[in-house]
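Colleague: Please find input.cif (mmCIF, C-alpha atoms) on the next line:
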```
data_upload
#
loop_
_atom_site.label_atom_id
_atom_site.label_comp_id
_atom_site.auth_asym_id
_atom_site.auth_seq_id
_atom_site.Cartn_x
_atom_site.Cartn_y
_atom_site.Cartn_z
CA MET A 1 54.97 35.56 154.32
CA ALA A 2 53.10 34.74 157.50
CA GLU A 3 55.20 33.37 160.34
CA GLU A 4 55.53 29.60 160.18
CA GLU A 5 54.51 27.83 163.35
CA VAL A 6 55.99 24.36 163.70
CA LYS A 7 55.50 22.20 166.78
CA LEU A 8 56.72 18.70 167.44
CA PHE A 9 55.14 16.46 170.09
CA GLY A 10 57.59 13.73 171.00
CA THR A 11 59.48 11.86 173.69
CA TRP A 12 63.20 11.98 174.42
CA ALA A 13 63.81 8.26 174.12
CA SER A 14 61.67 7.47 171.08
CA PRO A 15 63.51 6.74 167.84
CA VAL A 16 60.52 7.73 165.72
CA SER A 17 60.28 11.04 167.54
CA ARG A 18 64.01 11.65 167.05
CA ARG A 19 63.63 10.91 163.33
CA ILE A 20 61.46 14.01 162.97
CA GLU A 21 64.01 16.14 164.80
CA VAL A 22 66.66 14.96 162.32
CA ALA A 23 64.46 15.88 159.36
CA LEU A 24 63.61 19.33 160.75
CA LYS A 25 67.25 20.08 161.58
CA LEU A 26 68.43 18.94 158.14
CA LYS A 27 66.03 21.49 156.67
CA GLY A 28 66.94 24.17 159.17
CA VAL A 29 63.31 24.54 160.24
CA GLN A 30 62.70 26.28 163.57
CA TYR A 31 60.30 24.37 165.77
CA GLU A 32 58.88 24.22 169.25
CA TYR A 33 59.40 20.86 170.94
CA ILE A 34 56.87 19.51 173.40
CA GLU A 35 57.94 16.56 175.56
CA GLU A 36 55.01 14.22 176.15
CA ASP A 37 54.48 11.95 179.12
CA LEU A 38 53.11 8.79 177.56
CA THR A 39 51.56 7.70 180.86
CA ASN A 40 49.66 10.99 180.95
CA LYS A 41 49.12 12.22 177.40
CA SER A 42 48.29 15.89 176.99
CA PRO A 43 44.87 16.99 175.72
CA ALA A 44 46.71 18.68 172.87
CA LEU A 45 48.27 15.40 171.69
CA LEU A 46 44.97 13.54 171.97
CA ASN A 47 43.32 16.32 170.02
CA TYR A 48 45.96 16.34 167.28
CA ASN A 49 46.16 12.56 166.90
CA PRO A 50 42.82 11.12 168.00
CA VAL A 51 43.19 8.02 165.83
CA ASN A 52 46.46 6.59 167.21
CA LYS A 53 47.05 8.89 170.20
CA GLN A 54 50.80 8.44 169.55
CA ILE A 55 53.85 10.58 169.17
CA PRO A 56 55.41 11.94 167.08
CA VAL A 57 52.95 14.52 165.83
CA LEU A 58 54.07 17.49 163.79
CA VAL A 59 51.78 20.50 163.85
CA HIS A 60 52.39 23.00 161.07
CA ASN A 61 50.38 26.22 161.27
CA GLY A 62 47.82 24.37 163.37
CA LYS A 63 47.49 21.35 161.07
CA PRO A 64 48.65 18.01 162.53
CA VAL A 65 50.52 15.23 160.74
CA ALA A 66 51.15 11.84 162.38
CA GLU A 67 53.22 8.68 161.57
CA SER A 68 56.94 9.33 161.40
CA LEU A 69 57.59 8.34 157.77
CA VAL A 70 54.49 10.28 156.63
CA ILE A 71 55.74 13.32 158.59
CA ILE A 72 59.22 13.11 157.02
CA GLU A 73 57.73 13.03 153.50
CA TYR A 74 55.54 16.01 154.44
CA ILE A 75 58.58 17.92 155.68
CA ASP A 76 60.46 17.07 152.49
CA GLU A 77 57.61 18.24 150.26
CA THR A 78 56.94 21.43 152.23
CA TRP A 79 60.51 22.67 152.64
CA LYS A 80 62.12 21.82 149.35
CA HIS A 81 65.79 22.70 149.97
CA ASN A 82 68.25 20.01 151.16
CA PRO A 83 66.13 17.15 149.80
CA ILE A 84 65.72 14.09 152.02
CA LEU A 85 64.24 11.78 149.37
CA PRO A 86 66.02 11.37 146.03
CA ALA A 87 64.63 13.08 142.93
CA ASP A 88 64.39 9.98 140.74
CA PRO A 89 61.10 8.00 141.15
CA TYR A 90 62.90 4.62 141.12
CA GLU A 91 65.38 5.73 143.78
CA ARG A 92 62.47 7.09 145.82
CA ALA A 93 60.71 3.74 145.52
CA MET A 94 63.85 1.98 146.80
CA ALA A 95 64.14 4.37 149.76
CA ARG A 96 60.48 3.81 150.66
CA PHE A 97 60.76 0.03 150.23
CA TRP A 98 63.70 -0.19 152.64
CA ALA A 99 62.20 2.27 155.15
CA LYS A 100 59.11 0.05 155.24
CA TYR A 101 61.38 -2.98 155.72
CA ILE A 102 62.98 -1.29 158.71
CA ASP A 103 59.65 -0.47 160.36
CA GLU A 104 57.77 -3.68 159.52
CA LYS A 105 60.51 -6.33 159.70
CA PHE A 106 63.58 -5.00 161.44
CA TRP A 107 61.98 -3.20 164.34
CA PRO A 108 59.69 -6.06 165.48
CA ALA A 109 62.68 -8.41 165.25
CA ALA A 110 64.83 -5.99 167.27
CA MET A 111 62.13 -5.74 169.95
CA LYS A 112 62.00 -9.54 170.16
CA ILE A 113 65.74 -9.83 170.70
CA VAL A 114 65.72 -7.79 173.87
CA VAL A 115 63.01 -9.91 175.46
CA ALA A 116 63.75 -13.37 174.05
CA LYS A 117 65.95 -15.92 175.78
CA GLY A 118 68.04 -18.97 174.90
CA GLU A 119 67.32 -20.71 171.60
CA GLU A 120 64.56 -18.28 170.68
CA GLN A 121 66.91 -15.36 171.12
CA LYS A 122 69.53 -17.07 168.98
CA GLY A 123 66.95 -17.47 166.21
CA GLU A 124 66.04 -13.81 166.43
CA ILE A 125 69.72 -12.82 166.32
CA ASP A 126 70.23 -14.86 163.14
CA GLU A 127 67.17 -13.18 161.64
CA ILE A 128 68.44 -9.67 162.42
CA GLN A 129 71.87 -10.51 161.09
CA GLN A 130 70.31 -11.54 157.80
CA GLN A 131 68.25 -8.36 157.70
CA MET A 132 71.37 -6.29 158.30
CA LYS A 133 73.12 -8.15 155.46
CA ASN A 134 70.17 -7.22 153.25
CA LEU A 135 70.58 -3.58 154.25
CA GLU A 136 74.28 -3.80 153.36
CA GLY A 137 73.19 -4.83 149.88
CA GLU A 138 71.31 -1.56 149.57
CA LEU A 139 74.10 0.56 151.06
CA LYS A 140 76.90 -0.91 148.92
CA GLU A 141 79.86 1.51 148.89
CA LYS A 142 77.96 4.67 149.68
CA LYS A 143 78.79 6.88 152.63
CA PHE A 144 75.14 6.95 153.64
CA PHE A 145 72.03 5.33 152.18
CA GLY A 146 71.25 8.82 150.87
CA GLY A 147 74.66 9.11 149.20
CA GLU A 148 77.03 11.81 150.38
CA SER A 149 74.52 13.14 152.90
CA LEU A 150 71.79 11.69 155.12
CA GLY A 151 68.69 10.56 153.30
CA PHE A 152 65.27 9.09 154.03
CA LEU A 153 66.57 5.61 154.74
CA ASP A 154 69.40 6.81 156.99
CA ILE A 155 66.83 8.64 159.10
CA ALA A 156 64.52 5.59 159.17
CA ALA A 157 67.44 3.33 160.09
CA ASN A 158 68.18 5.42 163.21
CA ILE A 159 66.54 2.65 165.21
CA ILE A 160 69.68 0.58 164.69
CA ILE A 161 71.31 2.96 167.19
CA TRP A 162 68.58 2.04 169.69
CA LEU A 163 69.24 -1.68 169.24
CA VAL A 164 72.98 -1.13 169.79
CA VAL A 165 72.34 0.77 173.04
CA ALA A 166 69.85 -1.84 174.26
CA GLN A 167 72.35 -4.62 173.62
CA GLU A 168 75.02 -2.67 175.49
CA ALA A 169 72.66 -2.13 178.42
CA LEU A 170 71.95 -5.87 178.60
CA GLY A 171 75.60 -6.86 178.30
CA MET A 172 74.92 -8.69 175.02
CA ASP A 173 77.51 -9.17 172.29
CA GLN A 174 76.81 -6.64 169.58
CA ILE A 175 75.07 -8.12 166.57
CA LEU A 176 76.29 -5.23 164.45
CA ASN A 177 80.02 -5.81 164.71
CA GLU A 178 82.86 -4.97 162.34
CA GLU A 179 83.77 -8.60 161.71
CA LYS A 180 80.39 -9.90 160.59
CA LEU A 181 78.90 -6.74 159.06
CA PRO A 182 81.76 -4.42 158.09
CA VAL A 183 79.77 -2.35 155.61
CA LEU A 184 76.87 -1.55 157.93
CA TYR A 185 79.25 -1.14 160.87
CA GLY A 186 81.15 1.52 158.92
CA TRP A 187 77.84 3.27 158.14
CA LEU A 188 76.87 3.22 161.81
CA GLN A 189 80.13 4.91 162.84
CA ARG A 190 79.59 7.63 160.24
CA LEU A 191 76.00 8.04 161.41
CA LEU A 192 77.01 8.39 165.06
CA ASP A 193 79.63 10.92 164.03
CA ASP A 194 77.22 13.09 162.08
CA ALA A 195 76.58 16.50 163.64
CA VAL A 196 72.79 16.42 163.20
CA ILE A 197 72.39 12.81 164.38
CA LYS A 198 74.45 13.60 167.49
CA GLU A 199 71.86 16.20 168.46
CA CYS A 200 69.05 13.72 167.92
CA VAL A 201 69.96 10.73 170.06
CA PRO A 202 69.03 10.33 173.71
CA PRO A 203 71.80 11.12 176.22
CA LYS A 204 73.72 7.81 176.44
CA ASP A 205 73.66 7.34 180.22
CA ARG A 206 69.95 8.04 180.50
CA HIS A 207 69.28 5.77 177.55
CA LEU A 208 71.32 2.89 179.01
CA ASP A 209 69.50 3.26 182.32
CA LEU A 210 66.14 3.24 180.58
CA CYS A 211 67.02 0.07 178.65
CA LYS A 212 68.11 -1.66 181.83
CA VAL A 213 64.81 -0.84 183.46
CA LYS A 214 62.71 -1.77 180.42
CA PHE A 215 64.46 -4.94 179.34
CA GLY A 216 66.49 -5.77 182.44
CA SER A 217 64.24 -8.61 183.60
CA SER A 218 65.66 -10.77 180.83
CA ILE A 219 69.10 -10.56 182.47
CA ALA A 220 67.74 -11.89 185.75
CA SER A 221 66.30 -14.97 184.05
CA LYS A 222 69.48 -15.85 182.05
CA MET B 1 55.20 -6.07 133.58
CA LEU B 2 53.25 -7.02 136.68
CA LEU B 3 53.87 -10.29 138.52
CA GLY B 4 50.83 -11.35 140.50
CA PHE B 5 48.36 -13.86 141.88
CA TRP B 6 44.72 -13.64 140.78
CA PHE B 7 43.53 -13.94 144.37
CA SER B 8 45.79 -11.25 145.85
CA PRO B 9 44.22 -7.97 146.95
CA PHE B 10 47.68 -6.37 146.94
CA VAL B 11 48.15 -7.23 143.27
CA LYS B 12 44.65 -5.95 142.47
CA ARG B 13 45.50 -2.57 143.95
CA VAL B 14 48.43 -2.16 141.63
CA GLU B 15 46.26 -3.17 138.66
CA TRP B 16 43.72 -0.53 139.68
CA ALA B 17 46.45 2.10 139.77
CA LEU B 18 47.74 1.07 136.34
CA LYS B 19 44.26 1.01 134.83
CA PHE B 20 43.38 4.36 136.41
CA LYS B 21 46.34 5.87 134.59
CA GLY B 22 45.59 4.02 131.37
CA ILE B 23 48.98 2.30 131.43
CA GLU B 24 49.48 -0.76 129.24
CA TYR B 25 51.09 -3.67 131.03
CA ASP B 26 51.84 -7.36 130.67
CA TYR B 27 50.38 -9.43 133.49
CA VAL B 28 52.18 -12.61 134.56
CA GLU B 29 50.25 -15.04 136.76
CA GLU B 30 52.62 -16.59 139.28
CA ASP B 31 52.21 -20.02 140.87
CA LEU B 32 52.14 -19.83 144.68
CA THR B 33 53.65 -23.32 144.94
CA ASN B 34 56.25 -22.74 142.25
CA LYS B 35 57.45 -19.16 142.12
CA SER B 36 59.27 -18.14 138.95
CA THR B 37 62.97 -17.30 138.83
CA LEU B 38 61.97 -13.84 137.67
CA LEU B 39 59.89 -13.29 140.83
CA LEU B 40 62.58 -14.65 143.14
CA THR B 41 65.29 -12.49 141.59
CA SER B 42 63.06 -9.41 141.34
CA ASN B 43 61.98 -9.56 144.97
CA PRO B 44 64.67 -11.58 146.76
CA ILE B 45 63.90 -9.97 150.12
CA HIS B 46 60.22 -10.93 150.44
CA LYS B 47 59.72 -13.27 147.43
CA LYS B 48 56.16 -11.96 147.16
CA VAL B 49 53.82 -10.44 144.62
CA PRO B 50 53.02 -7.86 143.45
CA VAL B 51 56.23 -6.92 141.69
CA LEU B 52 56.17 -4.25 139.01
CA LEU B 53 58.94 -4.37 136.45
CA HIS B 54 59.41 -1.10 134.57
CA ASN B 55 62.08 -1.16 131.89
CA GLY B 56 63.51 -4.20 133.65
CA LYS B 57 63.77 -2.53 137.08
CA PRO B 58 61.73 -4.23 139.81
CA ILE B 59 59.65 -2.54 142.51
CA ALA B 60 57.91 -4.45 145.32
CA GLU B 61 55.38 -3.60 148.08
CA SER B 62 51.98 -2.48 146.75
CA LEU B 63 51.93 0.99 148.35
CA VAL B 64 55.50 1.71 147.22
CA ILE B 65 54.57 0.58 143.70
CA ILE B 66 51.48 2.81 143.61
CA GLU B 67 53.48 5.90 144.61
CA TYR B 68 56.07 4.97 141.97
CA ILE B 69 53.33 4.72 139.33
CA ASP B 70 51.93 8.08 140.43
CA GLU B 71 55.30 9.80 140.21
CA THR B 72 56.31 8.23 136.90
CA TRP B 73 53.07 8.71 134.92
CA LYS B 74 51.79 12.11 135.87
CA ARG B 75 48.34 12.14 134.22
CA ASN B 76 45.29 11.29 136.35
CA PRO B 77 47.00 11.88 139.71
CA ILE B 78 46.28 9.26 142.36
CA LEU B 79 47.66 11.24 145.31
CA PRO B 80 46.61 14.86 145.88
CA GLN B 81 48.95 17.70 144.89
CA ASP B 82 48.97 19.58 148.21
CA PRO B 83 51.62 18.30 150.69
CA TYR B 84 49.17 18.35 153.62
CA GLU B 85 46.51 16.44 151.69
CA ARG B 86 49.18 13.96 150.59
CA ALA B 87 50.20 13.47 154.22
CA MET B 88 46.56 12.81 155.17
CA ALA B 89 46.21 10.28 152.33
CA ARG B 90 49.41 8.50 153.39
CA PHE B 91 48.34 8.53 157.03
CA TRP B 92 45.05 6.81 156.19
CA ALA B 93 46.73 4.34 153.85
CA ASN B 94 49.07 3.43 156.69
CA PHE B 95 46.15 3.11 159.14
CA ILE B 96 44.26 0.85 156.74
CA GLU B 97 47.31 -1.38 156.26
CA GLN B 98 48.24 -1.62 159.94
CA LYS B 99 44.75 -1.93 161.40
CA VAL B 100 42.33 -3.18 158.76
CA THR B 101 44.39 -5.24 156.30
CA LYS B 102 46.73 -6.75 158.89
CA SER B 103 43.96 -7.64 161.36
CA THR B 104 41.88 -9.22 158.59
CA LYS B 105 44.83 -11.36 157.48
CA GLU B 106 45.45 -12.43 161.07
CA ALA B 107 41.76 -13.20 161.68
CA LEU B 108 41.75 -15.34 158.53
CA VAL B 109 44.55 -17.61 159.73
CA SER B 110 43.65 -17.84 163.42
CA GLN B 111 40.92 -19.40 165.50
CA GLY B 112 39.43 -19.42 168.99
CA GLU B 113 40.60 -16.78 171.41
CA GLN B 114 43.35 -15.54 169.12
CA GLN B 115 40.85 -14.95 166.33
CA GLU B 116 38.38 -13.25 168.69
CA LYS B 117 41.11 -10.80 169.62
CA LYS B 118 41.85 -9.99 165.99
CA VAL B 119 38.16 -9.62 165.09
CA LYS B 120 37.70 -7.18 167.98
CA GLU B 121 40.68 -5.12 166.73
CA LEU B 122 39.24 -5.21 163.23
CA LYS B 123 35.81 -4.03 164.40
CA GLU B 124 37.41 -1.10 166.22
CA ALA B 125 39.37 -0.20 163.11
CA MET B 126 36.21 -0.34 160.99
CA ASP B 127 34.54 2.09 163.42
CA VAL B 128 37.37 4.52 162.73
CA VAL B 129 36.98 4.00 158.98
CA GLU B 130 33.24 4.64 159.24
CA GLY B 131 34.00 7.81 161.20
CA GLU B 132 36.32 9.03 158.47
CA ALA B 133 33.80 8.10 155.77
CA LYS B 134 31.09 10.05 157.64
CA ALA B 135 33.39 13.05 157.88
CA LYS B 136 34.61 13.07 154.28
CA LEU B 137 31.89 11.56 152.07
CA ASN B 138 28.46 12.79 151.03
CA ASP B 139 26.20 12.87 147.99
CA LYS B 140 28.66 15.04 146.08
CA THR B 141 31.88 13.47 147.38
CA LEU B 142 31.60 9.77 146.73
CA PHE B 143 35.23 8.86 147.22
CA PHE B 144 38.09 9.66 149.59
CA GLY B 145 39.96 10.97 146.57
CA GLY B 146 37.44 13.84 146.51
CA GLY B 147 34.44 14.36 144.24
CA ASN B 148 33.65 11.60 141.79
CA GLY B 149 37.16 10.32 141.26
CA VAL B 150 38.90 7.58 143.20
CA GLY B 151 42.19 8.42 144.85
CA TYR B 152 44.96 6.79 146.84
CA VAL B 153 42.90 5.95 149.94
CA ASP B 154 40.10 4.44 147.83
CA ILE B 155 42.59 2.23 145.97
CA VAL B 156 44.24 1.15 149.24
CA LEU B 157 40.90 0.39 150.94
CA GLY B 158 39.27 -1.06 147.81
CA TRP B 159 40.21 -4.68 148.55
CA THR B 160 37.50 -4.73 151.24
CA CYS B 161 34.86 -4.52 148.50
CA ASN B 162 35.81 -7.86 147.03
CA TRP B 163 37.60 -9.74 149.79
CA MET B 164 36.08 -8.81 153.15
CA GLU B 165 32.90 -10.87 152.70
CA THR B 166 34.94 -13.81 151.46
CA ILE B 167 37.28 -13.74 154.44
CA GLU B 168 34.34 -13.35 156.83
CA GLU B 169 32.73 -16.46 155.39
CA VAL B 170 35.93 -18.51 155.38
CA GLY B 171 37.08 -17.31 158.79
CA GLY B 172 33.65 -17.63 160.39
CA PHE B 173 33.28 -14.12 161.75
CA LYS B 174 31.31 -10.97 161.00
CA VAL B 175 32.68 -7.45 160.82
CA LEU B 176 30.68 -5.81 158.06
CA ASP B 177 27.44 -4.30 159.32
CA PRO B 178 25.37 -1.99 157.08
CA GLU B 179 23.52 -0.61 160.10
CA SER B 180 26.55 0.62 162.02
CA GLN B 181 28.63 1.32 158.89
CA PRO B 182 26.18 3.02 156.52
CA GLN B 183 28.67 5.44 154.97
CA PHE B 184 31.26 2.73 154.45
CA HIS B 185 28.69 0.52 152.73
CA LYS B 186 27.69 3.41 150.46
CA TRP B 187 31.35 3.86 149.57
CA MET B 188 31.74 0.12 148.82
CA ALA B 189 28.68 0.18 146.54
CA ASN B 190 30.07 3.19 144.66
CA PHE B 191 33.56 1.73 144.41
CA ARG B 192 32.30 -1.53 142.93
CA GLU B 193 30.53 0.41 140.17
CA VAL B 194 33.56 2.43 139.00
CA PRO B 195 33.89 1.46 135.32
CA PHE B 196 37.54 0.37 135.37
CA ILE B 197 37.12 -1.41 138.74
CA LYS B 198 33.89 -3.36 138.11
CA PRO B 199 35.30 -5.92 135.63
CA THR B 200 38.22 -6.72 137.94
CA MET B 201 36.11 -8.07 140.82
CA GLU B 202 36.78 -11.79 141.24
CA PRO B 203 33.73 -14.08 141.71
CA LYS B 204 33.10 -14.70 145.40
CA GLU B 205 32.79 -18.51 145.11
CA LYS B 206 36.20 -18.75 143.49
CA LEU B 207 37.79 -16.62 146.23
CA VAL B 208 35.99 -18.50 149.01
CA GLU B 209 37.26 -21.82 147.67
CA PHE B 210 40.83 -20.56 147.51
CA PHE B 211 40.91 -18.84 150.90
CA ARG B 212 39.24 -21.80 152.59
CA MET B 213 42.16 -23.91 151.38
CA LEU B 214 44.65 -21.28 152.53
CA ARG B 215 43.11 -21.09 156.01
CA GLN B 216 43.10 -24.85 156.45
CA ASP B 217 46.68 -24.98 155.29
CA ARG B 218 47.82 -22.34 157.78
CA LEU B 219 45.86 -23.75 160.71
CA GLY B 220 47.25 -27.19 159.91
CA LEU B 221 50.78 -25.81 160.07
CA VAL B 222 50.12 -24.21 163.44
CA ALA B 223 48.60 -27.41 164.83
CA ASN B 224 51.62 -29.45 163.75
CA LYS B 225 54.20 -27.17 165.42
#
```
How does this structure look as structure tokens?
Modeller:
Amino acid sequence: MAEEEVKLFGTWASPVSRRIEVALKLKGVQYEYIEEDLTNKSPALLNYNPVNKQIPVLVHNGKPVAESLVIIEYIDETWKHNPILPADPYERAMARFWAKYIDEKFWPAAMKIVVAKGEEQKGEIDEIQQQMKNLEGELKEKKFFGGESLGFLDIAANIIIWLVVAQEALGMDQILNEEKLPVLYGWLQRLLDDAVIKECVPPKDRHLDLCKVKFGSSIASK
Amino acid sequence: MLLGFWFSPFVKRVEWALKFKGIEYDYVEEDLTNKSTLLLTSNPIHKKVPVLLHNGKPIAESLVIIEYIDETWKRNPILPQDPYERAMARFWANFIEQKVTKSTKEALVSQGEQQEKKVKELKEAMDVVEGEAKAKLNDKTLFFGGGNGVGYVDIVLGWTCNWMETIEEVGGFKVLDPESQPQFHKWMANFREVPFIKPTMEPKEKLVEFFRMLRQDRLGLVANK
């Protein structure tokens, strides 16, 4: 078989970029990682993703795939061992439904929290708490959303780690705490403890510093 | 069983997928002002249509439903077989949702400067769609699904054929332009003529009346905040 060439264009602090690294590592796929500077995007990136000009982009034997959830499904369908999505169509539909929920509802709400103030911020916090309760309903008593091992939704939900770090950087009380959300809190601890996930999160100190720079102005106005 | 609204493009998509596969289904028309218990318990998170119930198990979100249909009934595939082609189809479906569908919705319920911004975004998105249509379609390849058959991208984009003109009229803006979007307009003409799609197109006057009401309702809410 011809040598597989897999490249990933990403950035160290992007949760969607890190999602792809998780998927590739779960499958044991060797890849070349290219760190992009988003203020000065490489010609290669612009060539591979002319439509959105965003990372992550996976390039497999010269053919580019963009959009993190699309890339993960591509990885799952191309390298069939250690499945990321479940086999059953209904379970797959549930995984996709909740991954969409994370990207379209949770993430915008999480972004709002780190920039909102006062009453508005409180409203956003209530909203996120409700969303997390909804996620708990999907997790139930499982170790991970994927069952015994990481699945599609666990990978998509990695952005919860980013919210936790941002809140820590801003000195906010954690929304995801053991008292209010014990089920999801337990999941988060197991996620953070997972060997593959540990390799695919930004170094904590650098990440905290970045959050302080990005969102720090909201502290000054409190 | 499919729970829907007659005026919803998202519901229509799911119907197209079901019809394409020749799947029998019961259609239940929901009331926007009085949603049924079945709908609220089947989709407690969003409380929206479409919801497909298959052997009692509910699935929501039109694109998720379409992939479920494709994986459950394997004849007449909607998505391509090859993983790379599937990724391309999903990429474009995502682009259409995030840039075309979303911007159209937002242009419908906004006005003034806010609406101008959305219309500009929509125009830019349509340029990209035209570019893709130019690249993929020709006299032999009428649809994004390849050849003469509709596929996933066609079904996801298909709402534009029935709803875009309506929303333009109601919202008071223009995005469709046969001169700068010739390939897209050819695709729309072909899509409308597909035998299982043609009878499903809602009359424009009926849609205009409904969406006019919807727009006034939403703008009224914003004004009263």
Colleague: Using all atoms listed in the file, select each residue of chain B with any atom at most 12 Å away from an atom of chain A, and give the selection as a PyMOL selection string.
Modeller: chain B and resi 43-46+51-74+81-99+102+124-129+131-132
Colleague: For the PyMOL selection byres ((chain B and resi 166-170) around 10), applied here, can you spell out every residue it catches as number ranges by chain?
Modeller: B: 104-105, 107-109, 119, 160-165, 171-176, 203-216
Colleague: Using CA of Lys117 in chain B and CA of Ile55 in chain A as the two end points, give the distance in Å to one decimal.
Modeller: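 CA of Lys117 in chain B sits 24.9 Å away from CA of Ile55 in chain A.
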Colleague: With a distance cut-off of 12 Å and only C-alpha atoms, select the neighbouring residues of Glu5 in chain A, excluding the residue or stretch itself and same-chain residues fewer than 3 positions from it, and output the selection as a PyMOL selection string.
Modeller: chain A and resi 1-2+8+29-33+58-64
Colleague: Using the chain letters and numbers from the file, give me the residues hit by the PyMOL selection byres ((chain B and resi 49) around 10), as a PyMOL selection string.
Modeller: chain B and resi 2-5+8+10-11+29-30+32+35+39-40+42-43+46-48+50-52+60-62
Colleague: For Leu188 in chain A, which residue out of A:Met172, A:Val213, A:Leu163, A:Val57 is the nearest one, using all atoms listed in the file?
Modeller: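 Answer, going by the shortest atom-to-atom distance: A:Leu163.
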Colleague: So how many Å separate CA of Ile159 in chain A and CA of Ser17 in chain A, to one decimal?
Modeller: 10.7 Å
Colleague: I need the residue nearest Lys19 in chain B from this list: B:Asn76, B:Phe184, B:Ala135, B:Ser36. Use only C-alpha atoms for the distance.
Modeller: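 Of all the options, B:Asn76 lies closest to Lys19 in chain B.
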Colleague: Of the candidates B:Glu130, B:Asp217, B:Glu15, B:Glu113, which shows the shortest atom-to-atom distance to Trp187 in chain B, using all atoms listed in the file?
Modeller: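 Comparing B:Glu130, B:Asp217, B:Glu15, B:Glu113 against Trp187 in chain B, the winner is B:Glu130.
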Colleague: Apply the PyMOL selection byres ((chain A and resi 132) around 12) to the structure shown and report the selected residues as a ChimeraX atom specification.
Modeller: /A:98,101-102,105-107,109-110,125-131,133-139,157,160,175-177,180-185,187-188 /B:45
Colleague: For the atom pair CA of Ala44 in chain A and CA of Gly146 in chain B, what is the interatomic distance in Å to one decimal place?
Modeller: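 CA of Gly146 in chain B lies 28.4 Å from CA of Ala44 in chain A.
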Colleague: Which one is closest to Ala166 in chain A: A:Asp205, A:Lys122, A:Glu178, A:Phe215? Count only C-alpha atoms.
Modeller: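 Comparing A:Asp205, A:Lys122, A:Glu178, A:Phe215 against Ala166 in chain A, the winner is A:Phe215.
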Colleague: Because some atoms of range 212-222 of chain B are absent here, can you restore N, CA, C and O atoms and send them as a short mmCIF file (atom, residue, chain, number, x, y, z; two decimals), in the coordinates of the input?
Modeller:
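What follows is the written file rebuild.cif:
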```cif
data_model
loop_
_atom_site.label_atom_id
_atom_site.label_comp_id
_atom_site.auth_asym_id
_atom_site.auth_seq_id
_atom_site.Cartn_x
_atom_site.Cartn_y
_atom_site.Cartn_z
N ARG B 212 39.56 -20.70 151.68
CA ARG B 212 39.24 -21.80 152.59
C ARG B 212 40.44 -22.74 152.67
O ARG B 212 40.86 -23.16 153.73
N MET B 213 40.99 -23.04 151.49
CA MET B 213 42.16 -23.91 151.38
C MET B 213 43.35 -23.29 152.12
O MET B 213 44.05 -23.96 152.88
N LEU B 214 43.53 -22.00 151.92
CA LEU B 214 44.65 -21.28 152.53
C LEU B 214 44.54 -21.33 154.05
O LEU B 214 45.51 -21.60 154.76
N ARG B 215 43.33 -21.10 154.56
CA ARG B 215 43.11 -21.09 156.01
C ARG B 215 43.38 -22.46 156.60
O ARG B 215 44.07 -22.58 157.61
N GLN B 216 42.89 -23.48 155.94
CA GLN B 216 43.10 -24.85 156.45
C GLN B 216 44.58 -25.18 156.46
O GLN B 216 45.08 -25.80 157.40
N ASP B 217 45.25 -24.76 155.41
CA ASP B 217 46.68 -24.98 155.29
C ASP B 217 47.43 -24.34 156.46
O ASP B 217 48.24 -24.98 157.12
N ARG B 218 47.13 -23.08 156.73
CA ARG B 218 47.82 -22.34 157.78
C ARG B 218 47.50 -22.89 159.17
O ARG B 218 48.36 -22.99 160.02
N LEU B 219 46.24 -23.22 159.40
CA LEU B 219 45.86 -23.75 160.71
C LEU B 219 46.49 -25.12 160.93
O LEU B 219 46.90 -25.46 162.02
N GLY B 220 46.60 -25.88 159.84
CA GLY B 220 47.25 -27.19 159.91
C GLY B 220 48.70 -27.05 160.31
O GLY B 220 49.20 -27.78 161.15
N LEU B 221 49.37 -26.05 159.76
CA LEU B 221 50.78 -25.81 160.07
C LEU B 221 50.94 -25.47 161.54
O LEU B 221 51.86 -25.92 162.20
N VAL B 222 50.04 -24.64 162.04
CA VAL B 222 50.12 -24.21 163.44
C VAL B 222 49.91 -25.40 164.35
O VAL B 222 50.60 -25.59 165.33
#
```
